[in-house]
Protein chains: 2
Amino acid sequence: MYLEKINSPADVKKLSSDEMRALAEEMRAALIKKLSIHGGHCGPNLGMAEAIIALHYVFNSPVDKFVFDVSHQSYCHKMLTGRKDAFLDKAKYDDVTGYSCQQESPHDFFTIGHTSTSVSLACGLAKGRDLLGGKENIVAIIGDGSLSGGEALEGLDFAPELNSNLIIVVNDNGMSIAENHGGLYENLRLLRETGGRAECNLFRAMGLDYIFVEDGNDVDQLIAAFSGVKDSEKPVVVHIVTEKGRGYAPAVKDKESWHWHMPFDIKTGETKFQGGEDYSDLTAKYLMAKMDTDPAVCAITSGTPAVMGFWKERREKYAGRFIDVGIAEEHAVAMASGIAANGGKPVYGVYSSFIQRTYDQLQQDLCINSNPVTILTYAASVWGMSDVTHLGIFDIPLMSNIPNLVYLAATSYESFIAMLDWSLSQREHPVAIRVPGGVVHAEKPTKDYGILNKYEIFQQGSDVAIIALGTFFGIGMQAAELIEKRTGVKPTLIDPVYITGIDSELLESLKAAHKAVITLEDGILDGGFGEKIARFYGDSDMKVANLGLKKEFLDRYDPNEVLRANGLTPEQIADTAERLTK
Amino acid sequence: MYLEKINSPADVKKLSSDEMRALAEEMRAALIKKLSIHGGHCGPNLGMAEAIIALHYVFNSPVDKFVFDVSHQSYCHKMLTGRKDAFLDKAKYDDVTGYSCQQESPHDFFTIGHTSTSVSLACGLAKGRDLLGGKENIVAIIGDGSLSGGEALEGLDFAPELNSNLIIVVNDNGMSIAENHGGLYENLRLLRETGGRAECNLFRAMGLDYIFVEDGNDVDQLIAAFSGVKDSEKPVVVHIVTEKGRGYAPAVKDKESWHWHMPFDIKTGETKFQGGEDYSDLTAKYLMAKMDTDPAVCAITSGTPAVMGFWKERREKYAGRFIDVGIAEEHAVAMASGIAANGGKPVYGVYSSFIQRTYDQLQQDLCINSNPVTILTYAASVWGMSDVTHLGIFDIPLMSNIPNLVYLAATSYESFIAMLDWSLSQREHPVAIRVPGGVVHAEKPTKDYGILNKYEIFQQGSDVAIIALGTFFGIGMQAAELIEKRTGVKPTLIDPVYITGIDSELLESLKAAHKAVITLEDGILDGGFGEKIARFYGDSDMKVANLGLKKEFLDRYDPNEVLRANGLTPEQIADTAERLTK
């Protein structure tokens with residue numbers, strides 16, 4: 001076995017072509033085994049084994065520097081840079097993150113998880129080198145739909161201005177997470193079909209040199225190409241064609257499902273874990289029913305259709321109504337504003353972590369113009385994704401301080417649907433809804449959401465009022481019960497519903513029979529919801545405690561530990577109530 | 001005179017070619033006269049007179065819909081759509097905004113001021129039309145460097161997927177605000193030189209149809225081209241070549257200075273207003289001196305070099321060290337992170353309003369990686385730009401809630417320079433500095449900024465403590481004086497210096513001799529600095545008032561009125577102090 005003997009890229013350089021081919025197969029076998037137990041990005045990594053071997057054969061990492069876009073396709077790079085045990089030894093599977101990571105290895109220059117950043121980051125490494133007189137090669141590796149992201153396109157456009165060494169490997173496997181979207185992918189197809197010889201060439205039109213590698217899973221072709229551009233004195237694109245999912249039949253057959261996959265049975269490809277009711281599926285069912293009756297309704301995703309429950313068959317059935325703009329979050333928000341301005345009712349579903357790309361579009365294109373767009377924010381929670389690059393705990397400060405936006409926090413399936421119903425029925429406000437995680441059922445709200453910033457009193461009590469936002473409403477209920485048990489006094493429990501506004505009347509009325517208010521929010525406290533309540537009561541005798549998460553970059557954490565560290569268990573909340581009222 | 005008789009586009013349609021040519025000259029004369037008195041965007045509008053006449057001649061606005069990118073080149077459009085008096089009658093100059101504006105006219109579909117948004121917004125109008133079965137033409141007009149922005153490139157890439165009517169007029173005048181940057185502008189040059197016939201064509205590579213208009217200041221050529229694409233059933237780019245500044249010699253000669261211009265003497269072209277010392281010039285002088293001695297230092301702008309004081313001669317002298325990435329804010333931040341990761345010391349200067357494009361890059365590319373980049377935020381103030389699309393009052397909630405970022409608020413030239421010195425000397429933190437407006441001098445700080453979140457006590461007093469951030473420190477001083485005069489008790493006055501952190505020790509110590517804390521900040525209160533102080537004191541007896549701006553979209557306002565409306569005059573602050581301590 002070759003992989004076991006690879007402790008650094010130097011060991012790769014000793015191998016013959018045949019040995020490298022064997023190594024690639026071993027790497028794929030290790031990947032399939034680990035992923036079947038652990039889950040993770042399958043297709044992207046299976047397709048890149050040869051390319052990463054060839055990169056390490058030709059270049060001299062870490063002097064030469066690789067920047068992997070999204071870095072979900074860097075597993076093989078990790079294997080060859082001293083981290084193979086995290087793929088061979090089950091006990092060590094969690095020793096590495098699923099993305100490139102500064103802290104993990106001198107071969108990783110950035111912690112990366114969002115798409116479309118590699119070219120700009122690599123431009124920076126190249127410019128830093130040039131300022132200080134270095135000579136190393138800088139290599140960006142980009143693929144899987146990342147090219148359509150604005151940051152990548154800005155980077156490609158700027159790169160020629162460097163006028164020095166920069167190698168951009170475009171891994172073209174014909175796919176994004178789902179199918180590719182956008183005109184440029186048609187140009188990649190034309191280039192594939194003409195062996196890279198078509199005159200109309202996006203990269204050349206951006207001012208870049210260009211070479212084409214027909215079989216990006218052939219180590220010899222790759223080595224020849226990379227050797228040819230090594231020490232290039234100008235930015236150059238190396239367009240390689242690879243097979244996503246290579247070496248594992250189910251992943252080749254259904255590339256979308258196998259882009260990222262839960263643990264599975266290797267033999268059958270069947271997923272080991274089956275979820276219950278979830279908001280993705282429920283969203284799609286709701287939207288499909290709406291689209292069936294209202295021609296103005298359409299749904300938008302930016303490259304992650306599954307988060308809205310639009311699997312392939314549903315996308316095909318609702319073609320033209322379900323719009324995948326590709327990885328292009330800025331465009332998604334601006335286009336949604338335009339659709340609404342011309343009579344449509346667009347619903348854009350997006351992960352909390354990825355809406356971060358769109359602050360300016362939310363503010364300028366959407367909210368200044370007050371167009372009736374509905375945005376659904378998913379995985380916006382401490383229980384969302386736990387990788388440092390995919391945290392869903394920053395959207396409240398990001399979005400809720402934008403004027404004109406109505407940001408609602410759903411607490412149950414019924415409130416989520418009622419909010420959607422209202423949002424699609426009105427033409428006054430841009431609306432965002434923070435979609436919960438696990439599906440909880442509750443009574444159907446009778447509330448008119450159009451009367452803005454009216455909080456809901458779930459339970460009227462005294463002494464302490466708990467204002468528990470969205471996904472933390474359940475914690476608020478538990479804490480309220482515990483406080484009553486301990487003190488004999490029933491606290492007031494409030495579902496604020498609106499993240500973007502203060503119910504001054506209700507807050508004012510609490511002063512009569514309450515000594516303290518405790519706010520709970522599923523996100524960082526800084527710039528968030530609770531601080532607005534603290535501000536409101538600043539000139540009064542009301543004691544206020546804001547509970548939520550500390551402003552910090554958590555990474556691969558246990559949510560229960562994080563809740564405890566931030567005083568968010570029901571017991572800790574009851575303790576806080578005691579402290580504030582004594 | 002023709003212009004006086006144009007009350008709507010219908011009046012344009014009655015004109016002959018010769019009459020339209022005469023109209024164009026009249027429009028330019030009106031522009032030059034108004035701009036000489038009022039200031040505004042000169043070059044872009046002077047160059048677009050014929051194109052806008054031709055658009056209104058061929059299309060049927062407002063049924064057909066025009067979307068102007070940035071919309072700083074929509075003055076002529078305003079003249080032809082019922083708003084001519086705002087250009088002909090001095091008393092009515094302020095009846096229209098400098099940008100397209102929903103509220104102003106049914107011919108304007110959006111309020112727009114940021115670059116690179118038109119294609120996406122127009123895609124949205126087109127999609128809305130298609131959903132509801134409309135037939136109108138949708139026309140985006142983009143130019144002046146906007147093409148390099150990620151949002152525009154995402155829009156161009158997506159547009160072919162519409163597969164229906166969308167006309168994208170690319171106004172190519174060879175310029176951005178300053179010279180163009182990025183490889184794609186080389187492709188525009190190639191297209192100009194080949195009469196649009198070069199095979200390598202960015203727009204075609206994105207999947208768009210394409211036609212070329214050699215003389216974009218020739219009404220006949222334009223009418224022929226627009227007539228040819230009218231009712232097109234596919235997205236098509238019309239590339240027109242215009243002369244920026246046309247018809248006014250100084251504006252043709254020095255296109256950069258005349259992109260936007262202060263009031264001027266028409267005869268000589270001399271600016272009527274001359275400013276004194278300003279932070280743009282001072283920044284450039286500081287950075288040039290640094291670059292002279294430290295090869296790692298470089299400066300970055302995203303298309304607005306003047307905000308950092310880098311006029312043409314300075315750019316030329318520091319070529320390779322002063323980097324204009326073009327309009328590409330996302331790339332600017334990510335590249336800066338890369339430069340810092342490879343040993344460089346990049347300083348990125350940007351308007352508060354435009355850094356909004358980069359939340360995700362600040363958080364992901366920069367702050368997760370904690371690279372030592374310095375960002376200078378200009379015009380971040382109620383005294384900054386007052387157009388609704390260019391407000392500088394949102395950067396505190398946007399930036400200060402990002403972990404790892406150190407955001408500093410300078411109060412004087414000396415503190416600004418000391419902050420820059422510190423930032424460039426350290427390798428631990430991404431740093432941003434909120435650059436003040438008017439230049440105020442003060443003692444040189446002796447502070448070590450590396451000891452984070454240590455506020456500065458400017459004046460120790462009792463009863464009331466005023467924590468006055470950055471540009472509002474002067475107001476804090478005036479309020480402190482007034483309070484002492486009124487009550488005989490000297491209040492404490494604090495310069496918090498750090499926007500991103502709380503000095504718990506100092507805040508705790510204030511409890512001993514103070515009943516109330518008043519915070520002052522030059523931005524919206526929601527998600528801002530003061531609320532963090534309110535949160536800190538939430539469980540104590542300290543009374544807190546947060547003073548700053550309301551969360552709202554102000555537009556073309558008088559700063560003094562806004563300050564008064566938000567309780568920010570020294571008198572009002574003294575009243576608040578009285579109320580809190582009685």
# chains A, B, ... in the order shown; residues from 1 in each chain; ligands from 1
$ select_by_dssp --residues "range 31-106 of chain B" --states "helix (DSSP H, G or I)" --output "PyMOL selection string"
chain B and resi 31-38+43-47+49-58+75-80+85-88+90-95
$ residues_around --residues "Leu366 in chain A" --least-positions-apart "3" --cutoff "9 Å" --atoms "only C-alpha atoms" --output "ChimeraX atom specification"
/A:333-334,336-338,360-363,369-373,405,430
$ closest_residue --among "A:Ser462, A:Thr242, A:Lys447, A:Phe66" --to "Gly216 in chain A" --atoms "only C-alpha atoms"
A:Thr242
$ residues_around --residues "range 231-236 of chain B" --least-positions-apart "6" --cutoff "7 Å" --atoms "only C-alpha atoms" --output "tab-separated table (two decimals) with C-alpha atoms, in the first residue's frame"
chain	number	residue	atom	x	y	z
B	137	ASN	CA	-38.97	45.22	-23.02
B	159	ALA	CA	-29.16	36.35	-17.74
B	160	PRO	CA	-29.05	33.74	-20.55
B	163	ASN	CA	-34.24	32.87	-22.30
B	164	SER	CA	-36.53	35.82	-22.89
B	165	ASN	CA	-36.41	39.53	-23.57
B	166	LEU	CA	-33.64	41.41	-21.74
B	167	ILE	CA	-31.53	44.13	-23.33
B	168	ILE	CA	-28.28	45.05	-21.63
B	208	LEU	CA	-25.36	36.31	-24.34
B	209	ASP	CA	-26.13	37.60	-27.80
B	210	TYR	CA	-24.12	40.67	-28.72
$ closest_residue --among "A:Met419, A:Ile339, A:Ile32, A:Leu46" --to "chain B" --atoms "only C-alpha atoms"
A:Ile339
$ residues_around --residues "Thr576 in chain A" --least-positions-apart "2" --cutoff "12 Å" --atoms "only C-alpha atoms" --output "short mmCIF file (atom, residue, chain, number, x, y, z; two decimals) with N, CA and C atoms, in the first residue's frame"
data_model
loop_
_atom_site.label_atom_id
_atom_site.label_comp_id
_atom_site.auth_asym_id
_atom_site.auth_seq_id
_atom_site.Cartn_x
_atom_site.Cartn_y
_atom_site.Cartn_z
N VAL A 464 -40.85 38.06 36.85
CA VAL A 464 -39.87 37.88 35.77
C VAL A 464 -40.62 37.67 34.45
N ALA A 465 -40.15 38.35 33.42
CA ALA A 465 -40.68 38.08 32.07
C ALA A 465 -39.56 37.50 31.23
N ILE A 466 -39.86 36.40 30.57
CA ILE A 466 -38.88 35.79 29.66
C ILE A 466 -39.33 36.08 28.23
N ALA A 479 -37.58 26.97 31.08
CA ALA A 479 -37.08 27.85 32.14
C ALA A 479 -38.26 28.41 32.94
N ALA A 480 -39.33 28.77 32.24
CA ALA A 480 -40.50 29.35 32.92
C ALA A 480 -41.10 28.34 33.90
N LEU A 482 -39.57 25.89 35.36
CA LEU A 482 -38.63 25.68 36.46
C LEU A 482 -38.70 26.84 37.46
N ILE A 483 -38.80 28.06 36.93
CA ILE A 483 -38.88 29.22 37.81
C ILE A 483 -40.14 29.14 38.67
N ALA A 516 -37.80 42.01 36.49
CA ALA A 516 -36.71 41.63 35.58
C ALA A 516 -37.23 41.05 34.28
N VAL A 517 -36.47 41.30 33.25
CA VAL A 517 -36.75 40.72 31.93
C VAL A 517 -35.51 39.93 31.49
N ILE A 518 -35.74 38.73 31.02
CA ILE A 518 -34.64 37.91 30.48
C ILE A 518 -34.93 37.66 29.01
N THR A 519 -33.98 37.98 28.15
CA THR A 519 -34.17 37.70 26.73
C THR A 519 -33.34 36.48 26.35
N LEU A 520 -33.87 35.69 25.44
CA LEU A 520 -33.17 34.50 24.95
C LEU A 520 -33.13 34.57 23.42
N LYS A 543 -34.61 45.34 35.65
CA LYS A 543 -33.34 44.63 35.46
C LYS A 543 -33.46 43.76 34.19
N VAL A 544 -32.41 43.76 33.40
CA VAL A 544 -32.45 43.01 32.14
C VAL A 544 -31.22 42.11 32.02
N ALA A 545 -31.44 40.86 31.64
CA ALA A 545 -30.31 39.98 31.30
C ALA A 545 -30.52 39.48 29.87
N ASN A 546 -29.53 39.69 29.04
CA ASN A 546 -29.58 39.19 27.66
C ASN A 546 -28.81 37.88 27.60
N LEU A 547 -29.51 36.82 27.26
CA LEU A 547 -28.84 35.52 27.12
C LEU A 547 -28.85 35.08 25.67
N ASN A 566 -22.87 29.51 27.89
CA ASN A 566 -23.50 30.82 27.75
C ASN A 566 -24.70 31.00 28.69
N GLY A 567 -24.80 30.13 29.69
CA GLY A 567 -25.85 30.30 30.68
C GLY A 567 -27.25 30.05 30.16
N LEU A 568 -27.38 29.14 29.20
CA LEU A 568 -28.65 28.97 28.51
C LEU A 568 -29.40 27.68 28.84
N THR A 569 -28.96 26.96 29.87
CA THR A 569 -29.78 25.81 30.28
C THR A 569 -30.95 26.37 31.12
N PRO A 570 -32.05 25.64 31.16
CA PRO A 570 -33.18 26.11 31.98
C PRO A 570 -32.76 26.41 33.42
N GLU A 571 -31.89 25.57 33.98
CA GLU A 571 -31.43 25.79 35.36
C GLU A 571 -30.68 27.11 35.47
N GLN A 572 -29.78 27.34 34.53
CA GLN A 572 -29.01 28.59 34.58
C GLN A 572 -29.91 29.81 34.39
N ILE A 573 -30.90 29.67 33.56
CA ILE A 573 -31.82 30.80 33.34
C ILE A 573 -32.62 31.06 34.62
N ALA A 574 -33.01 29.99 35.28
CA ALA A 574 -33.75 30.15 36.55
C ALA A 574 -32.83 30.81 37.59
N GLU A 578 -33.38 34.39 39.53
CA GLU A 578 -33.28 34.53 40.98
C GLU A 578 -32.36 35.69 41.34
N ARG A 579 -31.22 35.72 40.66
CA ARG A 579 -30.24 36.77 40.91
C ARG A 579 -30.84 38.17 40.63
N LEU A 580 -31.57 38.27 39.56
CA LEU A 580 -32.10 39.58 39.15
C LEU A 580 -33.22 40.07 40.06
N THR A 581 -33.92 39.15 40.69
CA THR A 581 -35.12 39.57 41.44
C THR A 581 -34.88 39.61 42.94
N LYS A 582 -33.71 39.20 43.36
CA LYS A 582 -33.53 39.16 44.84
C LYS A 582 -33.25 40.55 45.39
N ASP B 539 -28.19 44.47 34.48
CA ASP B 539 -28.55 43.88 35.77
C ASP B 539 -28.16 44.79 36.94
#
$ atom_distance --atom1 "CA of Ile53 in chain B" --atom2 "CA of Ser16 in chain B"
11.4 Å
$ closest_residue --among "B:Phe458, B:Phe226, B:Tyr407, B:Tyr185" --to "Ile502 in chain B" --atoms "only C-alpha atoms"
B:Tyr407
$ residues_around --residues "Val325 in chain A" --least-positions-apart "2" --cutoff "8 Å" --atoms "only C-alpha atoms" --output "list in words"
His181, Gly182, Ile300, Thr301, Ser302, Gly303, Ile323, Ile327, Ala328, His331 and Ala332 of chain A; Phe158 of chain B
